[in-house]
file model-v9.tsv (TSV, C-alpha atoms)
chain	number	residue	atom	x	y	z
A	260	MET	CA	-16.47	-10.27	151.37
A	261	LEU	CA	-18.84	-11.96	153.78
A	262	ASN	CA	-18.31	-15.27	152.06
A	263	SER	CA	-14.54	-15.14	152.40
A	264	ARG	CA	-14.93	-14.24	156.06
A	265	MET	CA	-17.28	-17.14	156.58
A	266	LEU	CA	-14.85	-19.42	154.80
A	267	ALA	CA	-11.96	-18.26	156.97
A	268	PHE	CA	-14.10	-18.73	160.06
A	269	GLN	CA	-15.05	-22.25	159.01
A	270	GLN	CA	-11.42	-23.10	158.35
A	271	SER	CA	-10.31	-21.81	161.72
A	272	VAL	CA	-13.08	-23.79	163.46
A	273	ARG	CA	-11.96	-26.94	161.62
A	274	PHE	CA	-8.35	-26.26	162.58
A	275	ALA	CA	-9.32	-25.73	166.23
A	276	ALA	CA	-11.35	-28.96	166.22
A	277	ALA	CA	-8.41	-30.86	164.74
A	278	LEU	CA	-6.14	-29.44	167.43
A	279	LEU	CA	-8.64	-30.40	170.14
A	280	PHE	CA	-8.55	-33.97	168.85
A	281	TRP	CA	-4.86	-34.37	168.06
A	282	ILE	CA	-3.26	-32.62	171.03
A	283	PRO	CA	-4.69	-35.02	173.67
A	284	VAL	CA	-4.10	-37.98	171.32
A	285	CYS	CA	-0.43	-37.00	170.91
A	286	ILE	CA	0.08	-36.31	174.62
A	287	PHE	CA	-1.50	-39.60	175.76
A	288	SER	CA	0.22	-41.59	173.01
A	289	LEU	CA	3.62	-40.21	174.02
A	290	LEU	CA	2.81	-40.87	177.67
A	291	LEU	CA	1.99	-44.49	176.83
A	292	ILE	CA	5.29	-44.88	174.95
A	293	TYR	CA	7.17	-43.21	177.80
A	294	ASN	CA	5.59	-45.61	180.32
A	295	THR	CA	6.32	-48.60	178.09
A	296	LEU	CA	10.07	-47.95	177.93
A	297	PRO	CA	10.83	-49.06	181.55
A	298	TYR	CA	9.45	-52.53	180.72
A	299	PHE	CA	12.55	-53.08	178.58
A	300	SER	CA	14.69	-53.13	181.70
A	301	PHE	CA	13.10	-56.62	181.93
A	302	SER	CA	12.46	-56.03	185.61
A	303	LYS	CA	9.44	-57.82	187.09
A	304	ASP	CA	8.53	-54.93	189.35
A	305	PHE	CA	5.46	-53.85	187.39
A	306	SER	CA	1.93	-54.42	188.60
A	307	PHE	CA	0.96	-55.81	185.18
A	308	ILE	CA	3.69	-58.49	185.41
A	309	GLN	CA	3.21	-59.19	189.11
A	310	GLU	CA	-0.47	-59.97	188.51
A	311	ARG	CA	0.53	-62.54	185.88
A	312	THR	CA	3.57	-64.17	187.49
A	313	LEU	CA	2.35	-67.61	186.49
A	314	LEU	CA	1.98	-66.61	182.83
A	315	PHE	CA	5.36	-64.92	182.70
A	316	GLN	CA	7.03	-68.22	183.69
A	317	ASN	CA	6.15	-69.40	180.20
A	318	ASP	CA	8.80	-68.32	177.68
A	319	VAL	CA	6.31	-68.01	174.81
A	320	TYR	CA	4.06	-65.68	176.82
A	321	ASN	CA	7.06	-63.72	178.10
A	322	THR	CA	8.46	-63.21	174.60
A	323	SER	CA	5.03	-62.44	173.15
A	324	PHE	CA	4.50	-59.76	175.78
A	325	TYR	CA	7.73	-57.90	175.02
A	326	ILE	CA	7.19	-58.17	171.25
A	327	HIS	CA	3.60	-56.97	171.65
A	328	ILE	CA	4.42	-53.88	173.72
A	329	ALA	CA	7.29	-52.93	171.40
A	330	ALA	CA	5.04	-53.38	168.38
A	331	GLY	CA	2.19	-51.45	170.00
A	332	ALA	CA	4.41	-48.53	170.99
A	333	PHE	CA	5.85	-48.38	167.48
A	334	CYS	CA	2.42	-48.49	165.83
A	335	ILE	CA	1.06	-45.72	168.03
A	336	ALA	CA	4.13	-43.53	167.38
A	337	SER	CA	4.19	-44.14	163.65
A	338	ALA	CA	0.48	-43.50	163.26
A	339	LEU	CA	1.05	-39.95	164.52
A	340	ILE	CA	3.25	-39.42	161.45
A	341	GLN	CA	0.99	-41.30	159.08
A	342	PHE	CA	-2.02	-39.06	159.60
A	343	SER	CA	-0.08	-35.82	159.20
A	344	SER	CA	-1.27	-34.09	156.03
A	345	TYR	CA	2.00	-32.13	155.90
A	346	ILE	CA	4.08	-35.32	155.68
A	347	LEU	CA	1.63	-36.86	153.24
A	348	LYS	CA	1.94	-33.87	150.88
A	349	LYS	CA	5.55	-32.73	151.30
A	350	ARG	CA	7.39	-35.86	152.47
A	351	LYS	CA	5.53	-38.70	150.85
A	352	LYS	CA	8.49	-41.10	151.12
A	353	ILE	CA	8.35	-40.91	154.92
A	354	HIS	CA	4.68	-41.86	154.76
A	355	VAL	CA	5.39	-44.79	152.44
A	356	TYR	CA	8.32	-46.24	154.43
A	357	SER	CA	6.71	-45.68	157.79
A	358	GLY	CA	3.50	-47.24	156.46
A	359	LYS	CA	5.36	-50.31	155.23
A	360	ILE	CA	6.94	-50.76	158.65
A	361	TYR	CA	3.54	-50.24	160.33
A	362	VAL	CA	1.96	-52.96	158.19
A	363	PHE	CA	4.86	-55.34	158.84
A	364	VAL	CA	4.77	-54.70	162.59
A	365	VAL	CA	0.99	-55.22	162.83
A	366	LEU	CA	0.70	-58.29	160.60
A	367	ILE	CA	3.83	-60.12	161.72
A	368	LEU	CA	4.35	-58.98	165.31
A	369	GLY	CA	1.51	-57.05	166.98
A	370	ALA	CA	-1.60	-58.97	165.92
A	371	PRO	CA	-0.29	-62.58	166.28
A	372	THR	CA	1.21	-61.91	169.73
A	373	GLY	CA	-1.96	-60.06	170.77
A	374	LEU	CA	-4.08	-62.98	169.60
A	375	TYR	CA	-2.04	-65.49	171.59
A	376	MET	CA	-2.08	-63.32	174.72
A	377	SER	CA	-5.83	-62.74	174.42
A	378	PHE	CA	-6.44	-66.33	175.62
A	379	PHE	CA	-5.01	-65.36	178.99
A	380	ALA	CA	-6.40	-61.83	179.20
A	381	LYS	CA	-7.85	-60.47	182.41
A	382	GLY	CA	-11.60	-60.44	182.83
A	383	SER	CA	-14.34	-62.89	182.04
A	384	PHE	CA	-14.84	-65.02	178.92
A	385	TYR	CA	-16.37	-62.01	177.14
A	386	GLU	CA	-13.32	-59.80	177.70
A	387	ARG	CA	-11.10	-62.55	176.28
A	388	VAL	CA	-13.33	-62.77	173.23
A	389	LEU	CA	-13.13	-58.98	172.90
A	390	PHE	CA	-9.32	-59.12	172.94
A	391	MET	CA	-9.42	-61.87	170.29
A	392	PHE	CA	-11.76	-59.78	168.17
A	393	MET	CA	-9.41	-56.80	168.53
A	394	ALA	CA	-6.40	-58.81	167.36
A	395	LEU	CA	-8.28	-60.32	164.41
A	396	PHE	CA	-9.92	-57.05	163.36
A	397	TRP	CA	-6.62	-55.16	163.71
A	398	PHE	CA	-5.03	-57.72	161.41
A	399	PHE	CA	-7.92	-57.61	158.95
A	400	THR	CA	-8.20	-53.80	158.76
A	401	THR	CA	-4.43	-53.40	158.29
A	402	TYR	CA	-4.42	-56.07	155.60
A	403	LYS	CA	-7.33	-54.30	153.82
A	404	GLY	CA	-5.46	-50.97	154.06
A	405	LEU	CA	-2.45	-52.58	152.40
A	406	ALA	CA	-4.50	-54.36	149.74
A	407	SER	CA	-6.41	-51.20	148.82
A	408	ILE	CA	-3.28	-49.07	148.37
A	409	LEU	CA	-1.72	-51.82	146.23
A	410	ALA	CA	-4.89	-51.60	144.12
A	411	LYS	CA	-4.35	-47.79	143.98
A	412	ASN	CA	-7.61	-47.13	145.81
A	413	VAL	CA	-6.49	-44.22	148.02
A	414	LEU	CA	-9.88	-43.49	149.60
A	415	ALA	CA	-10.38	-47.12	150.66
A	416	HIS	CA	-6.80	-47.16	151.96
A	417	LYS	CA	-7.49	-44.09	154.12
A	418	ILE	CA	-10.71	-45.61	155.46
A	419	TRP	CA	-9.22	-49.00	156.37
A	420	MET	CA	-6.17	-47.41	157.95
A	421	MET	CA	-8.43	-45.21	160.09
A	422	ARG	CA	-10.12	-48.39	161.32
A	423	SER	CA	-6.73	-49.98	161.96
A	424	TYR	CA	-5.47	-46.94	163.86
A	425	ALA	CA	-8.70	-46.77	165.91
A	426	LEU	CA	-7.96	-50.28	167.15
A	427	ALA	CA	-4.31	-49.51	167.86
A	428	LEU	CA	-5.42	-46.46	169.81
A	429	THR	CA	-7.63	-48.52	172.16
A	430	ALA	CA	-4.44	-49.03	174.19
A	431	VAL	CA	-4.35	-45.28	174.80
A	432	SER	CA	-8.06	-44.66	175.36
A	433	PHE	CA	-8.28	-47.68	177.71
A	434	ARG	CA	-5.69	-46.11	179.98
A	435	VAL	CA	-7.51	-42.76	179.99
A	436	TYR	CA	-10.82	-44.39	181.03
A	437	HIS	CA	-8.99	-46.65	183.48
A	438	ILE	CA	-7.50	-43.67	185.31
A	439	LEU	CA	-10.76	-41.70	185.22
A	440	PHE	CA	-12.79	-44.58	186.69
A	441	TYR	CA	-10.04	-45.27	189.21
A	442	LEU	CA	-10.20	-41.67	190.42
A	443	SER	CA	-13.97	-41.89	190.70
A	444	GLY	CA	-13.53	-44.81	193.11
A	445	TRP	CA	-14.40	-47.89	191.03
A	446	ASP	CA	-13.14	-51.36	191.96
A	447	HIS	CA	-10.20	-52.55	189.90
A	448	LEU	CA	-11.77	-55.48	188.03
A	449	GLN	CA	-15.02	-53.64	187.33
A	450	ASN	CA	-13.02	-50.61	186.17
A	451	TYR	CA	-10.84	-52.80	183.95
A	452	GLU	CA	-13.77	-54.45	182.20
A	453	ILE	CA	-15.79	-51.27	181.67
A	454	SER	CA	-12.74	-49.32	180.44
A	455	LEU	CA	-11.96	-52.09	177.99
A	456	TRP	CA	-15.45	-52.21	176.47
A	457	ILE	CA	-15.81	-48.43	176.29
A	458	SER	CA	-12.39	-47.98	174.72
A	459	VAL	CA	-12.98	-50.57	171.98
A	460	ILE	CA	-16.58	-49.66	171.15
A	461	GLY	CA	-15.94	-45.93	171.59
A	462	ASN	CA	-12.89	-45.88	169.31
A	463	MET	CA	-14.66	-47.90	166.64
A	464	LEU	CA	-17.67	-45.59	166.73
A	465	ILE	CA	-15.48	-42.48	166.52
A	466	ALA	CA	-13.62	-43.95	163.53
A	467	GLU	CA	-16.88	-44.87	161.82
A	468	TYR	CA	-18.19	-41.34	162.42
A	469	PHE	CA	-15.15	-39.83	160.67
A	470	ILE	CA	-15.47	-42.35	157.82
A	471	TYR	CA	-19.19	-41.62	157.50
A	472	ARG	CA	-18.42	-37.91	157.16
A	473	LYS	CA	-15.74	-38.59	154.54
A	474	SER	CA	-17.60	-40.96	152.25
A	475	ASN	CA	-20.77	-40.51	150.26
A	476	ARG	CA	-21.63	-44.18	150.22
A	477	TYR	CA	-20.78	-45.25	153.74
A	478	LEU	CA	-21.94	-48.87	153.60
A	479	LYS	CA	-19.88	-49.51	150.49
A	480	THR	CA	-16.70	-48.69	152.44
A	481	PHE	CA	-16.94	-52.15	154.05
A	482	LEU	CA	-16.86	-53.83	150.65
A	483	THR	CA	-13.99	-51.91	149.04
B	58	MET	CA	4.05	-59.73	148.84
B	59	LYS	CA	2.24	-63.05	148.68
B	60	THR	CA	4.91	-64.70	150.81
B	61	PHE	CA	4.61	-61.94	153.37
B	62	LEU	CA	0.85	-62.33	153.59
B	63	ILE	CA	1.13	-66.12	153.82
B	64	VAL	CA	3.64	-65.80	156.67
B	65	ALA	CA	1.34	-63.34	158.45
B	66	GLY	CA	-1.65	-65.65	158.00
B	67	LEU	CA	0.33	-68.63	159.25
B	68	LEU	CA	1.46	-66.68	162.30
B	69	MET	CA	-2.15	-65.77	163.12
B	70	THR	CA	-3.26	-69.39	162.69
B	71	GLY	CA	-0.32	-70.59	164.77
B	72	ALA	CA	-1.09	-68.05	167.50
B	73	SER	CA	-4.72	-69.13	167.73
B	74	VAL	CA	-3.95	-72.87	167.68
B	75	TYR	CA	-1.13	-72.59	170.20
B	76	GLY	CA	-3.30	-70.26	172.30
B	77	VAL	CA	-6.06	-72.89	172.51
B	78	VAL	CA	-3.59	-75.68	173.32
B	79	ASP	CA	-1.72	-73.63	175.91
B	80	TYR	CA	-4.95	-72.37	177.48
B	81	ASN	CA	-6.29	-75.92	177.83
B	82	ALA	CA	-3.02	-77.04	179.43
B	83	LYS	CA	-3.01	-74.11	181.85
B	84	ALA	CA	-6.71	-74.38	182.67
B	85	LYS	CA	-5.98	-77.59	184.60
B	86	ASN	CA	-3.65	-75.69	186.92
B	87	PRO	CA	-5.52	-74.52	190.05
B	88	GLU	CA	-3.14	-71.56	190.33
B	89	PHE	CA	-4.30	-70.36	186.90
B	90	LYS	CA	-7.92	-70.38	188.01
B	91	GLU	CA	-7.03	-68.07	190.85
B	92	LEU	CA	-4.84	-65.84	188.68
B	93	TYR	CA	-6.87	-62.65	188.56
B	94	LYS	CA	-9.04	-63.21	191.63
B	95	GLU	CA	-8.71	-60.33	194.00
B	96	LYS	CA	-7.95	-61.26	197.57
B	97	PRO	CA	-10.09	-59.36	200.06
B	98	VAL	CA	-7.92	-56.63	201.50
B	99	PRO	CA	-8.42	-56.10	205.25
B	100	VAL	CA	-9.91	-52.65	205.75
B	101	GLU	CA	-7.76	-50.55	208.03
B	102	ILE	CA	-9.87	-48.60	210.45
B	103	GLU	CA	-8.86	-46.17	213.10
B	104	VAL	CA	-10.86	-46.22	216.33
B	105	VAL	CA	-10.85	-42.97	218.25
B	106	GLU	CA	-12.45	-42.83	221.65
B	107	GLU	CA	-14.22	-39.57	222.26
B	108	ILE	CA	-15.15	-38.76	225.85
B	109	VAL	CA	-18.31	-36.79	226.08
B	110	PRO	CA	-19.41	-35.62	229.53
B	111	ALA	CA	-23.04	-36.39	230.16
B	112	PRO	CA	-25.24	-33.39	230.79
B	113	VAL	CA	-25.64	-32.87	234.52
B	114	PRO	CA	-29.25	-32.59	235.57
B	115	ILE	CA	-30.02	-29.35	237.38
B	116	PHE	CA	-31.76	-30.96	240.33
B	117	GLU	CA	-28.58	-32.92	241.23
B	118	LYS	CA	-27.00	-29.83	242.83
B	119	LYS	CA	-29.98	-29.31	245.05
B	120	GLU	CA	-29.94	-32.96	246.14
B	121	ALA	CA	-26.18	-32.84	246.80
B	122	ALA	CA	-26.68	-29.69	248.90
B	123	LYS	CA	-29.40	-31.41	250.91
B	124	LYS	CA	-27.11	-34.47	251.51
B	125	GLU	CA	-24.26	-32.17	252.67
B	126	VAL	CA	-26.57	-30.60	255.18
B	127	LEU	CA	-27.77	-33.96	256.48
B	128	THR	CA	-24.37	-35.73	256.67
B	129	ASP	CA	-22.04	-32.84	257.56
B	130	GLY	CA	-19.97	-33.26	254.34
B	131	ASN	CA	-18.80	-36.89	254.92
B	132	VAL	CA	-20.42	-38.17	251.75
B	133	GLU	CA	-18.31	-38.99	248.67
B	134	PRO	CA	-18.69	-36.40	245.87
B	135	VAL	CA	-21.11	-37.27	243.12
B	136	LYS	CA	-19.26	-38.58	240.03
B	137	LYS	CA	-20.18	-37.09	236.71
B	138	ALA	CA	-21.48	-39.67	234.29
B	139	VAL	CA	-19.24	-40.12	231.25
B	140	ILE	CA	-20.28	-41.54	227.90
B	141	LYS	CA	-17.57	-43.04	225.69
B	142	LYS	CA	-18.22	-42.79	222.02
B	143	LYS	CA	-16.31	-44.83	219.50
B	144	VAL	CA	-15.78	-42.99	216.24
B	145	VAL	CA	-14.71	-45.24	213.37
B	146	LYS	CA	-12.63	-43.48	210.75
B	147	LYS	CA	-11.49	-45.06	207.51
B	148	LYS	CA	-7.79	-44.54	206.93
B	149	LYS	CA	-6.58	-42.17	204.24
B	150	SER	CA	-5.58	-45.00	201.84
B	151	GLU	CA	-9.05	-44.56	200.36
B	152	ASP	CA	-7.96	-41.25	198.83
B	153	ARG	CA	-6.96	-41.86	195.23
B	154	LYS	CA	-4.40	-39.73	193.48
B	155	LEU	CA	-3.53	-39.29	189.84
B	156	ARG	CA	-0.13	-40.81	189.05
B	157	LEU	CA	0.98	-40.74	185.44
B	158	LYS	CA	3.19	-43.80	186.02
B	159	GLU	CA	-0.02	-45.77	186.43
B	160	PHE	CA	-1.05	-45.01	182.84
B	161	SER	CA	-0.96	-48.75	182.11
B	162	ARG	CA	-3.13	-51.86	181.95
B	163	GLY	CA	-1.81	-52.98	185.33
B	164	LYS	CA	-3.59	-52.70	188.63
B	165	MET	CA	-3.32	-49.28	190.25
B	166	ARG	CA	-1.34	-49.28	193.46
B	167	GLU	CA	-3.45	-48.03	196.35
call {"tool": "encode", "arguments": {"input": "model-v9.tsv", "output": "structure tokens"}}
result
Amino acid sequence: MLNSRMLAFQQSVRFAAALLFWIPVCIFSLLLIYNTLPYFSFSKDFSFIQERTLLFQNDVYNTSFYIHIAAGAFCIASALIQFSSYILKKRKKIHVYSGKIYVFVVLILGAPTGLYMSFFAKGSFYERVLFMFMALFWFFTTYKGLASILAKNVLAHKIWMMRSYALALTAVSFRVYHILFYLSGWDHLQNYEISLWISVIGNMLIAEYFIYRKSNRYLKTFLT
Amino acid sequence: MKTFLIVAGLLMTGASVYGVVDYNAKAKNPEFKELYKEKPVPVEIEVVEEIVPAPVPIFEKKEAAKKEVLTDGNVEPVKKAVIKKKVVKKKKSEDRKLRLKEFSRGKMRE
């Protein structure tokens, strides 16, 4: 009797922890998508575009930007479906099709445009290198996720897709830190750089923590 | 699948090569060097003049009374000393508010 109670308690704690993680992730992801939509009016009245007027005069940069934000918004929205255990169990086809689109969007649209734009990113040389690393690692982790599911290795697929999603989600966590540091009175450029580093390193560490908990042989997950 | 991966790889290579070429071309432009540099914003300050009456020494009254007696009241009245203090207040633009529209990579509007 005590054991079943303990089990129920453990399950409810796990459920509450999952809610605590996913509710803010969903809210902020949807907020990011909602704030991305006005960019498709192709108006230049956005602080992000006004800061980079010179870059937006270049057609390649201009096109890359719109492709990148569309791809990013799609990836963040689709990932919310991809990690749902309900869809994975009951509606597997949705997971498969949505996953195929996610892989296509990252490998063909999101990562290449992100890599090109990283050369002109805001911040010092180190921030540009960080953006390049993000684009390359996003590409690599998504490719590994695809390769592992084609090899029928489901656990490796889950692990690599968690890494891929962690990188996609840096767009969301960056904005959260950016607003928090802004409210605490930080200068814009300083705030931008710190938020960027914390969001990338923080997301990667969180993903690695979840992977570490999932797998018995953690270090081998990098080789699968 | 192979074709898809080759296309993806080529796009990544193309993006990095074109990025280097384009960056080198733009780096010569002086406008590009100044792209993200923040111009110093003039700080708006409000100057309020506060008039604080100086404390009147007690012995002044006695002296004034003595002078009145001596000059039969033809002396100009003693002016109270006034100290002007300038209080510098920073304008309210310093107050930062949470706006969900600013949930972006762009610079926050003050």
call {"tool": "atom_distance", "arguments": {"input": "model-v9.tsv", "atom1": "atom CA of A:Val413", "atom2": "atom CA of A:Tyr477"}}
result
15.4 Å
call {"tool": "interface_residues", "arguments": {"input": "model-v9.tsv", "of": "chain B", "to": "chain A", "cutoff": "6 Å", "atoms": "only C-alpha atoms", "output": "PyMOL selection string"}}
result
chain B and resi 65+68-69+72-73+76+153+160-161+163-164
call {"tool": "atom_distance", "arguments": {"input": "model-v9.tsv", "atom1": "atom CA of A:Met421", "atom2": "atom CA of A:Thr480"}}
result
11.8 Å
call {"tool": "atom_distance", "arguments": {"input": "model-v9.tsv", "atom1": "atom CA of B:Lys158", "atom2": "atom CA of A:Asn321"}}
result
21.8 Å
call {"tool": "closest_residue", "arguments": {"input": "model-v9.tsv", "among": "A:Trp456, A:Ala338, A:Ala425, A:Val362", "to": "A:Tyr468", "atoms": "all atoms listed in the file"}}
result
A:Ala425
call {"tool": "residues_around", "arguments": {"input": "model-v9.tsv", "residues": "stretch 339-352 of chain A", "least_positions_apart": "3", "cutoff": "12 Å", "atoms": "all atoms listed in the file", "output": "ChimeraX atom specification"}}
result
/A:277,281-289,332-336,355-362,417-418,420-421,423-425,427-428
call {"tool": "decode", "arguments": {"input": "model-v9.tsv", "residues": "stretch 269-284 of chain A", "atoms": "C-alpha atoms", "output": "PDB file, in the first residue's frame"}}
result
ATOM      1  CA  GLN A 269       6.743  10.105  -7.502  1.00  0.00           C
ATOM      2  CA  GLN A 270       4.680  10.138 -10.673  1.00  0.00           C
ATOM      3  CA  SER A 271       2.837  13.288  -9.674  1.00  0.00           C
ATOM      4  CA  VAL A 272       6.143  15.009  -8.796  1.00  0.00           C
ATOM      5  CA  ARG A 273       7.531  14.045 -12.216  1.00  0.00           C
ATOM      6  CA  PHE A 274       4.377  15.324 -13.905  1.00  0.00           C
ATOM      7  CA  ALA A 275       4.573  18.610 -11.984  1.00  0.00           C
ATOM      8  CA  ALA A 276       8.257  19.011 -12.908  1.00  0.00           C
ATOM      9  CA  ALA A 277       7.448  18.377 -16.573  1.00  0.00           C
ATOM     10  CA  LEU A 278       4.700  20.988 -16.414  1.00  0.00           C
ATOM     11  CA  LEU A 279       7.066  23.472 -14.759  1.00  0.00           C
ATOM     12  CA  PHE A 280       9.474  22.982 -17.649  1.00  0.00           C
ATOM     13  CA  TRP A 281       7.080  22.807 -20.586  1.00  0.00           C
ATOM     14  CA  ILE A 282       4.577  25.530 -19.683  1.00  0.00           C
ATOM     15  CA  PRO A 283       7.135  28.399 -19.774  1.00  0.00           C
ATOM     16  CA  VAL A 284       8.818  26.826 -22.825  1.00  0.00           C
TER      17      VAL A 284
END
